[in-house]
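So this block is upload-v1.txt, compact mmCIF, N, CA and C atoms:
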```txt
# COMPACT_ATOMS: atom_id res chain seq x y z
N MET R 1 -7.68 -0.68 16.68
CA MET R 1 -7.82 -1.69 15.64
C MET R 1 -7.72 -1.07 14.24
N LYS R 2 -8.28 0.16 14.10
CA LYS R 2 -8.26 0.81 12.80
C LYS R 2 -6.84 1.13 12.36
N LYS R 3 -5.98 1.55 13.30
CA LYS R 3 -4.59 1.83 12.98
C LYS R 3 -3.87 0.55 12.56
N PHE R 4 -4.20 -0.55 13.21
CA PHE R 4 -3.59 -1.84 12.86
C PHE R 4 -3.92 -2.22 11.43
N ILE R 5 -5.17 -2.04 11.05
CA ILE R 5 -5.60 -2.39 9.68
C ILE R 5 -4.89 -1.51 8.67
N PHE R 6 -4.85 -0.18 8.94
CA PHE R 6 -4.19 0.73 8.01
C PHE R 6 -2.70 0.46 7.91
N ALA R 7 -2.10 -0.03 8.99
CA ALA R 7 -0.66 -0.25 8.99
C ALA R 7 -0.28 -1.56 8.30
N TYR R 8 -1.04 -2.61 8.52
CA TYR R 8 -0.61 -3.93 8.06
C TYR R 8 -1.38 -4.47 6.85
N TYR R 9 -2.55 -3.96 6.57
CA TYR R 9 -3.31 -4.46 5.42
C TYR R 9 -2.55 -4.27 4.10
N PRO R 10 -1.97 -3.11 3.85
CA PRO R 10 -1.20 -2.95 2.60
C PRO R 10 0.02 -3.86 2.54
N LEU R 11 0.66 -4.10 3.67
CA LEU R 11 1.81 -5.00 3.69
C LEU R 11 1.39 -6.43 3.36
N VAL R 12 0.26 -6.84 3.88
CA VAL R 12 -0.26 -8.18 3.58
C VAL R 12 -0.60 -8.29 2.09
N LEU R 13 -1.24 -7.26 1.54
CA LEU R 13 -1.56 -7.27 0.11
C LEU R 13 -0.31 -7.31 -0.75
N ALA R 14 0.71 -6.53 -0.37
CA ALA R 14 1.96 -6.52 -1.13
C ALA R 14 2.65 -7.88 -1.05
N PHE R 15 2.63 -8.51 0.11
CA PHE R 15 3.26 -9.82 0.26
C PHE R 15 2.52 -10.88 -0.55
N ILE R 16 1.21 -10.84 -0.55
CA ILE R 16 0.42 -11.79 -1.37
C ILE R 16 0.73 -11.57 -2.84
N SER R 17 0.84 -10.33 -3.25
CA SER R 17 1.19 -10.02 -4.64
C SER R 17 2.56 -10.58 -4.98
N PHE R 18 3.50 -10.42 -4.07
CA PHE R 18 4.85 -10.96 -4.28
C PHE R 18 4.82 -12.48 -4.43
N LEU R 19 4.10 -13.15 -3.55
CA LEU R 19 4.01 -14.61 -3.64
C LEU R 19 3.34 -15.05 -4.94
N PHE R 20 2.32 -14.35 -5.35
CA PHE R 20 1.65 -14.67 -6.60
C PHE R 20 2.59 -14.46 -7.79
N SER R 21 3.38 -13.39 -7.73
CA SER R 21 4.35 -13.12 -8.79
C SER R 21 5.39 -14.23 -8.89
N VAL R 22 5.92 -14.65 -7.77
CA VAL R 22 6.93 -15.71 -7.76
C VAL R 22 6.32 -17.03 -8.26
N THR R 23 5.08 -17.29 -7.85
CA THR R 23 4.41 -18.51 -8.31
C THR R 23 4.24 -18.50 -9.83
N LEU R 24 3.79 -17.37 -10.37
CA LEU R 24 3.65 -17.28 -11.82
C LEU R 24 4.99 -17.46 -12.53
N TRP R 25 6.03 -16.84 -12.00
CA TRP R 25 7.36 -16.92 -12.61
C TRP R 25 7.83 -18.37 -12.71
N PHE R 26 7.73 -19.10 -11.61
CA PHE R 26 8.25 -20.47 -11.61
C PHE R 26 7.34 -21.47 -12.29
N LYS R 27 6.11 -21.08 -12.59
CA LYS R 27 5.23 -21.95 -13.37
C LYS R 27 5.40 -21.72 -14.87
N GLY R 28 6.33 -20.82 -15.24
CA GLY R 28 6.61 -20.60 -16.65
C GLY R 28 5.97 -19.38 -17.26
N ASN R 29 5.25 -18.63 -16.47
CA ASN R 29 4.60 -17.41 -16.97
C ASN R 29 5.42 -16.20 -16.54
N GLN R 30 6.58 -16.03 -17.15
CA GLN R 30 7.50 -14.98 -16.71
C GLN R 30 6.93 -13.58 -16.90
N LEU R 31 6.31 -13.30 -18.04
CA LEU R 31 5.77 -11.95 -18.28
C LEU R 31 4.66 -11.60 -17.29
N GLU R 32 3.79 -12.55 -17.03
CA GLU R 32 2.73 -12.32 -16.06
C GLU R 32 3.31 -12.14 -14.66
N GLY R 33 4.35 -12.92 -14.35
CA GLY R 33 5.01 -12.78 -13.05
C GLY R 33 5.64 -11.41 -12.87
N ILE R 34 6.25 -10.90 -13.93
CA ILE R 34 6.84 -9.55 -13.87
C ILE R 34 5.73 -8.51 -13.70
N PHE R 35 4.64 -8.67 -14.44
CA PHE R 35 3.53 -7.72 -14.34
C PHE R 35 2.97 -7.67 -12.92
N VAL R 36 2.73 -8.83 -12.35
CA VAL R 36 2.19 -8.88 -10.99
C VAL R 36 3.24 -8.39 -9.99
N GLY R 37 4.50 -8.64 -10.26
CA GLY R 37 5.56 -8.17 -9.38
C GLY R 37 5.63 -6.65 -9.30
N ILE R 38 5.20 -5.97 -10.35
CA ILE R 38 5.18 -4.51 -10.34
C ILE R 38 4.11 -3.98 -9.39
N TRP R 39 3.14 -4.80 -9.05
CA TRP R 39 2.10 -4.37 -8.12
C TRP R 39 2.67 -4.08 -6.74
N VAL R 40 3.71 -4.81 -6.33
CA VAL R 40 4.24 -4.66 -4.97
C VAL R 40 4.66 -3.22 -4.69
N PRO R 41 5.56 -2.61 -5.47
CA PRO R 41 5.91 -1.22 -5.16
C PRO R 41 4.74 -0.26 -5.39
N SER R 42 3.83 -0.63 -6.30
CA SER R 42 2.67 0.24 -6.52
C SER R 42 1.77 0.27 -5.29
N ILE R 43 1.53 -0.89 -4.70
CA ILE R 43 0.71 -0.97 -3.49
C ILE R 43 1.37 -0.19 -2.35
N LEU R 44 2.67 -0.37 -2.18
CA LEU R 44 3.37 0.31 -1.09
C LEU R 44 3.45 1.82 -1.33
N SER R 45 3.61 2.24 -2.58
CA SER R 45 3.64 3.67 -2.90
C SER R 45 2.28 4.31 -2.65
N LEU R 46 1.23 3.65 -3.07
CA LEU R 46 -0.11 4.16 -2.85
C LEU R 46 -0.40 4.28 -1.35
N THR R 47 0.04 3.31 -0.59
CA THR R 47 -0.13 3.35 0.86
C THR R 47 0.57 4.56 1.46
N SER R 48 1.78 4.83 0.99
CA SER R 48 2.53 5.97 1.47
C SER R 48 1.83 7.28 1.13
N VAL R 49 1.34 7.40 -0.09
CA VAL R 49 0.63 8.62 -0.51
C VAL R 49 -0.64 8.81 0.32
N LEU R 50 -1.40 7.75 0.51
CA LEU R 50 -2.63 7.86 1.29
C LEU R 50 -2.34 8.22 2.75
N ALA R 51 -1.30 7.65 3.32
CA ALA R 51 -0.93 7.98 4.70
C ALA R 51 -0.51 9.44 4.82
N HIS R 52 0.26 9.92 3.86
CA HIS R 52 0.69 11.31 3.88
C HIS R 52 -0.50 12.25 3.71
N THR R 53 -1.43 11.92 2.82
CA THR R 53 -2.62 12.72 2.62
C THR R 53 -3.47 12.74 3.88
N ARG R 54 -3.64 11.59 4.51
CA ARG R 54 -4.42 11.50 5.74
C ARG R 54 -3.79 12.34 6.84
N GLN R 55 -2.46 12.30 6.93
CA GLN R 55 -1.75 13.09 7.94
C GLN R 55 -1.92 14.58 7.68
N ASP R 56 -1.82 15.00 6.42
CA ASP R 56 -2.02 16.41 6.08
C ASP R 56 -3.43 16.87 6.42
N ASP R 57 -4.42 16.02 6.14
CA ASP R 57 -5.81 16.37 6.46
C ASP R 57 -6.01 16.52 7.97
N MET R 58 -5.40 15.63 8.74
CA MET R 58 -5.52 15.71 10.20
C MET R 58 -4.86 16.99 10.72
N GLU R 59 -3.71 17.35 10.20
CA GLU R 59 -3.04 18.57 10.63
C GLU R 59 -3.84 19.81 10.22
N HIS R 60 -4.43 19.78 9.03
CA HIS R 60 -5.25 20.89 8.56
C HIS R 60 -6.46 21.06 9.47
N ASN R 61 -7.11 19.96 9.81
CA ASN R 61 -8.29 20.01 10.69
C ASN R 61 -7.90 20.50 12.08
N ARG R 62 -6.77 20.06 12.58
CA ARG R 62 -6.31 20.47 13.91
C ARG R 62 -6.01 21.96 13.91
N ASN R 63 -5.38 22.47 12.87
CA ASN R 63 -5.04 23.89 12.79
C ASN R 63 -6.31 24.75 12.62
N SER R 64 -7.27 24.29 11.86
CA SER R 64 -8.49 25.07 11.66
C SER R 64 -9.35 25.08 12.93
N ASN R 65 -9.32 23.99 13.70
CA ASN R 65 -10.09 23.95 14.96
C ASN R 65 -9.44 24.82 16.03
N SER R 66 -8.14 24.92 16.05
CA SER R 66 -7.47 25.71 17.08
C SER R 66 -7.57 27.20 16.80
N SER R 67 -7.82 27.59 15.55
CA SER R 67 -7.92 29.01 15.23
C SER R 67 -9.31 29.55 15.52
N ASN R 68 -10.30 28.66 15.70
CA ASN R 68 -11.69 29.11 15.98
C ASN R 68 -11.88 29.44 17.41
```
Spit out the file's structure as structure tokens when you get a sec.
Amino acid sequence: MKKFIFAYYPLVLAFISFLFSVTLWFKGNQLEGIFVGIWVPSILSLTSVLAHTRQDDMEHNRNSNSSN
């Protein structure tokens, strides 16, 4: 279940951000829509960085445990 949350929670947040951005745009708030639209790649980039960091930590822990 934990892997499911880590895999899909950021995608759900990015999609909600996208929908909010489009809603703002078509309601006449173009600048706000663009601002919120920038959140989508930011959310996905942060997810990628956190996943890579988590993977590096797991490999580091695995290597340190096998050397003991």
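Nearest to Leu11 of chain R of all the residues R:Val36, R:Thr53, R:Ile43, R:Phe26 is R:Ile43, counting only N, CA and C atoms.
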Coordinates-based distance that separates atom C of Phe6 of chain R from atom C of Val49 of chain R (Å, one decimal):
11.5 Å
Using only C-alpha atoms, the best pick from R:Asn29, R:Val22, R:Thr47, R:Trp39 as closest to Pro10 of chain R would be R:Thr47
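In this structure, atom C of Leu31 of chain R sits 27.0 Å away from atom CA of Tyr8 of chain R.
Put simply, atom N of Ser64 of chain R is 18.9 Å away from atom CA of Ala51 of chain R.
Using only C-alpha atoms for every distance, the candidate list R:Arg54, R:Val40, R:Gly28, R:Arg62 yields R:Val40 as the residue closest to Ile16 of chain R.
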With only C-alpha atoms as the counted atoms, please give the residues lying no more than 10 Å from Phe20 of chain R, apart from itself and same-chain residues fewer than 4 positions off, as an mmCIF file with N, CA and C atoms, keeping the file's coordinate frame.
```cif
data_model
loop_
_atom_site.group_PDB
_atom_site.id
_atom_site.type_symbol
_atom_site.label_atom_id
_atom_site.label_comp_id
_atom_site.auth_asym_id
_atom_site.auth_seq_id
_atom_site.Cartn_x
_atom_site.Cartn_y
_atom_site.Cartn_z
ATOM 1 N N ALA R 14 0.710 -6.530 -0.370
ATOM 2 C CA ALA R 14 1.960 -6.520 -1.130
ATOM 3 C C ALA R 14 2.650 -7.880 -1.050
ATOM 4 N N PHE R 15 2.630 -8.510 0.110
ATOM 5 C CA PHE R 15 3.260 -9.820 0.260
ATOM 6 C C PHE R 15 2.520 -10.880 -0.550
ATOM 7 N N ILE R 16 1.210 -10.840 -0.550
ATOM 8 C CA ILE R 16 0.420 -11.790 -1.370
ATOM 9 C C ILE R 16 0.730 -11.570 -2.840
ATOM 10 N N LEU R 24 3.790 -17.370 -10.370
ATOM 11 C CA LEU R 24 3.650 -17.280 -11.820
ATOM 12 C C LEU R 24 4.990 -17.460 -12.530
ATOM 13 N N TRP R 25 6.030 -16.840 -12.000
ATOM 14 C CA TRP R 25 7.360 -16.920 -12.610
ATOM 15 C C TRP R 25 7.830 -18.370 -12.710
ATOM 16 N N GLU R 32 3.790 -12.550 -17.030
ATOM 17 C CA GLU R 32 2.730 -12.320 -16.060
ATOM 18 C C GLU R 32 3.310 -12.140 -14.660
ATOM 19 N N GLY R 33 4.350 -12.920 -14.350
ATOM 20 C CA GLY R 33 5.010 -12.780 -13.050
ATOM 21 C C GLY R 33 5.640 -11.410 -12.870
ATOM 22 N N VAL R 36 2.730 -8.830 -12.350
ATOM 23 C CA VAL R 36 2.190 -8.880 -10.990
ATOM 24 C C VAL R 36 3.240 -8.390 -9.990
ATOM 25 N N GLY R 37 4.500 -8.640 -10.260
ATOM 26 C CA GLY R 37 5.560 -8.170 -9.380
ATOM 27 C C GLY R 37 5.630 -6.650 -9.300
#
```
Only N, CA and C atoms needed: put segment 23-63 of chain R from the block into a file as an mmCIF file, in the first residue's frame.
```
data_model
loop_
_atom_site.group_PDB
_atom_site.id
_atom_site.type_symbol
_atom_site.label_atom_id
_atom_site.label_comp_id
_atom_site.auth_asym_id
_atom_site.auth_seq_id
_atom_site.Cartn_x
_atom_site.Cartn_y
_atom_site.Cartn_z
ATOM 1 N N THR R 23 -9.127 25.598 -14.950
ATOM 2 C CA THR R 23 -10.331 26.278 -14.459
ATOM 3 C C THR R 23 -10.081 27.772 -14.286
ATOM 4 N N LEU R 24 -8.956 28.114 -13.673
ATOM 5 C CA LEU R 24 -8.628 29.532 -13.510
ATOM 6 C C LEU R 24 -8.486 30.231 -14.853
ATOM 7 N N TRP R 25 -7.817 29.579 -15.795
ATOM 8 C CA TRP R 25 -7.588 30.168 -17.118
ATOM 9 C C TRP R 25 -8.913 30.513 -17.793
ATOM 10 N N PHE R 26 -9.833 29.560 -17.816
ATOM 11 C CA PHE R 26 -11.089 29.785 -18.535
ATOM 12 C C PHE R 26 -12.076 30.652 -17.772
ATOM 13 N N LYS R 27 -11.831 30.899 -16.502
ATOM 14 C CA LYS R 27 -12.665 31.839 -15.756
ATOM 15 C C LYS R 27 -12.149 33.269 -15.885
ATOM 16 N N GLY R 28 -11.081 33.459 -16.662
ATOM 17 C CA GLY R 28 -10.573 34.807 -16.904
ATOM 18 C C GLY R 28 -9.372 35.203 -16.078
ATOM 19 N N ASN R 29 -8.884 34.311 -15.263
ATOM 20 C CA ASN R 29 -7.705 34.599 -14.436
ATOM 21 C C ASN R 29 -6.481 33.948 -15.067
ATOM 22 N N GLN R 30 -6.037 34.496 -16.191
ATOM 23 C CA GLN R 30 -4.959 33.861 -16.943
ATOM 24 C C GLN R 30 -3.648 33.811 -16.166
ATOM 25 N N LEU R 31 -3.260 34.902 -15.512
ATOM 26 C CA LEU R 31 -1.994 34.907 -14.774
ATOM 27 C C LEU R 31 -1.993 33.894 -13.627
ATOM 28 N N GLU R 32 -3.089 33.828 -12.912
ATOM 29 C CA GLU R 32 -3.192 32.852 -11.832
ATOM 30 C C GLU R 32 -3.182 31.427 -12.388
ATOM 31 N N GLY R 33 -3.834 31.238 -13.534
ATOM 32 C CA GLY R 33 -3.831 29.926 -14.170
ATOM 33 C C GLY R 33 -2.438 29.490 -14.593
ATOM 34 N N ILE R 34 -1.659 30.436 -15.119
ATOM 35 C CA ILE R 34 -0.271 30.124 -15.497
ATOM 36 C C ILE R 34 0.541 29.796 -14.252
ATOM 37 N N PHE R 35 0.361 30.575 -13.188
ATOM 38 C CA PHE R 35 1.103 30.335 -11.949
ATOM 39 C C PHE R 35 0.817 28.944 -11.394
ATOM 40 N N VAL R 36 -0.454 28.585 -11.332
ATOM 41 C CA VAL R 36 -0.816 27.267 -10.815
ATOM 42 C C VAL R 36 -0.358 26.177 -11.783
ATOM 43 N N GLY R 37 -0.371 26.461 -13.073
ATOM 44 C CA GLY R 37 0.090 25.488 -14.057
ATOM 45 C C GLY R 37 1.559 25.141 -13.900
ATOM 46 N N ILE R 38 2.346 26.067 -13.368
ATOM 47 C CA ILE R 38 3.764 25.805 -13.130
ATOM 48 C C ILE R 38 3.951 24.794 -11.999
ATOM 49 N N TRP R 39 2.953 24.628 -11.160
ATOM 50 C CA TRP R 39 3.053 23.660 -10.077
ATOM 51 C C TRP R 39 3.174 22.234 -10.603
ATOM 52 N N VAL R 40 2.548 21.940 -11.741
ATOM 53 C CA VAL R 40 2.534 20.562 -12.250
ATOM 54 C C VAL R 40 3.945 20.021 -12.455
ATOM 55 N N PRO R 41 4.803 20.665 -13.249
ATOM 56 C CA PRO R 41 6.156 20.116 -13.387
ATOM 57 C C PRO R 41 6.960 20.198 -12.091
ATOM 58 N N SER R 42 6.630 21.168 -11.241
ATOM 59 C CA SER R 42 7.336 21.266 -9.955
ATOM 60 C C SER R 42 7.015 20.065 -9.070
ATOM 61 N N ILE R 43 5.756 19.690 -9.009
ATOM 62 C CA ILE R 43 5.340 18.534 -8.220
ATOM 63 C C ILE R 43 5.998 17.263 -8.762
ATOM 64 N N LEU R 44 5.978 17.094 -10.075
ATOM 65 C CA LEU R 44 6.556 15.891 -10.672
ATOM 66 C C LEU R 44 8.074 15.861 -10.522
ATOM 67 N N SER R 45 8.728 17.012 -10.618
ATOM 68 C CA SER R 45 10.182 17.072 -10.431
ATOM 69 C C SER R 45 10.563 16.741 -8.988
ATOM 70 N N LEU R 46 9.835 17.301 -8.048
ATOM 71 C CA LEU R 46 10.098 17.019 -6.645
ATOM 72 C C LEU R 46 9.906 15.532 -6.350
ATOM 73 N N THR R 47 8.895 14.939 -6.935
ATOM 74 C CA THR R 47 8.653 13.508 -6.772
ATOM 75 C C THR R 47 9.829 12.696 -7.288
ATOM 76 N N SER R 48 10.348 13.085 -8.438
ATOM 77 C CA SER R 48 11.490 12.389 -9.016
ATOM 78 C C SER R 48 12.723 12.517 -8.124
ATOM 79 N N VAL R 49 12.973 13.700 -7.612
ATOM 80 C CA VAL R 49 14.129 13.917 -6.730
ATOM 81 C C VAL R 49 13.983 13.095 -5.453
ATOM 82 N N LEU R 50 12.806 13.104 -4.856
ATOM 83 C CA LEU R 50 12.598 12.346 -3.624
ATOM 84 C C LEU R 50 12.732 10.840 -3.868
ATOM 85 N N ALA R 51 12.233 10.354 -4.990
ATOM 86 C CA ALA R 51 12.358 8.931 -5.317
ATOM 87 C C ALA R 51 13.820 8.556 -5.512
ATOM 88 N N HIS R 52 14.570 9.400 -6.191
ATOM 89 C CA HIS R 52 15.989 9.126 -6.416
ATOM 90 C C HIS R 52 16.756 9.151 -5.094
ATOM 91 N N THR R 53 16.454 10.103 -4.224
ATOM 92 C CA THR R 53 17.095 10.184 -2.918
ATOM 93 C C THR R 53 16.763 8.960 -2.084
ATOM 94 N N ARG R 54 15.512 8.543 -2.097
ATOM 95 C CA ARG R 54 15.088 7.369 -1.339
ATOM 96 C C ARG R 54 15.804 6.118 -1.851
ATOM 97 N N GLN R 55 15.951 6.011 -3.169
ATOM 98 C CA GLN R 55 16.636 4.864 -3.758
ATOM 99 C C GLN R 55 18.108 4.867 -3.365
ATOM 100 N N ASP R 56 18.757 6.024 -3.393
ATOM 101 C CA ASP R 56 20.157 6.123 -2.986
ATOM 102 C C ASP R 56 20.338 5.739 -1.526
ATOM 103 N N ASP R 57 19.417 6.175 -0.669
ATOM 104 C CA ASP R 57 19.489 5.827 0.757
ATOM 105 C C ASP R 57 19.343 4.324 0.963
ATOM 106 N N MET R 58 18.429 3.710 0.224
ATOM 107 C CA MET R 58 18.239 2.263 0.342
ATOM 108 C C MET R 58 19.482 1.512 -0.115
ATOM 109 N N GLU R 59 20.102 1.938 -1.203
ATOM 110 C CA GLU R 59 21.315 1.288 -1.685
ATOM 111 C C GLU R 59 22.467 1.490 -0.705
ATOM 112 N N HIS R 60 22.562 2.677 -0.122
ATOM 113 C CA HIS R 60 23.611 2.959 0.857
ATOM 114 C C HIS R 60 23.436 2.061 2.080
ATOM 115 N N ASN R 61 22.201 1.931 2.554
ATOM 116 C CA ASN R 61 21.922 1.079 3.722
ATOM 117 C C ASN R 61 22.212 -0.381 3.401
ATOM 118 N N ARG R 62 21.865 -0.820 2.215
ATOM 119 C CA ARG R 62 22.096 -2.207 1.813
ATOM 120 C C ARG R 62 23.593 -2.482 1.745
ATOM 121 N N ASN R 63 24.368 -1.553 1.199
ATOM 122 C CA ASN R 63 25.814 -1.735 1.080
ATOM 123 C C ASN R 63 26.489 -1.696 2.462
#
```
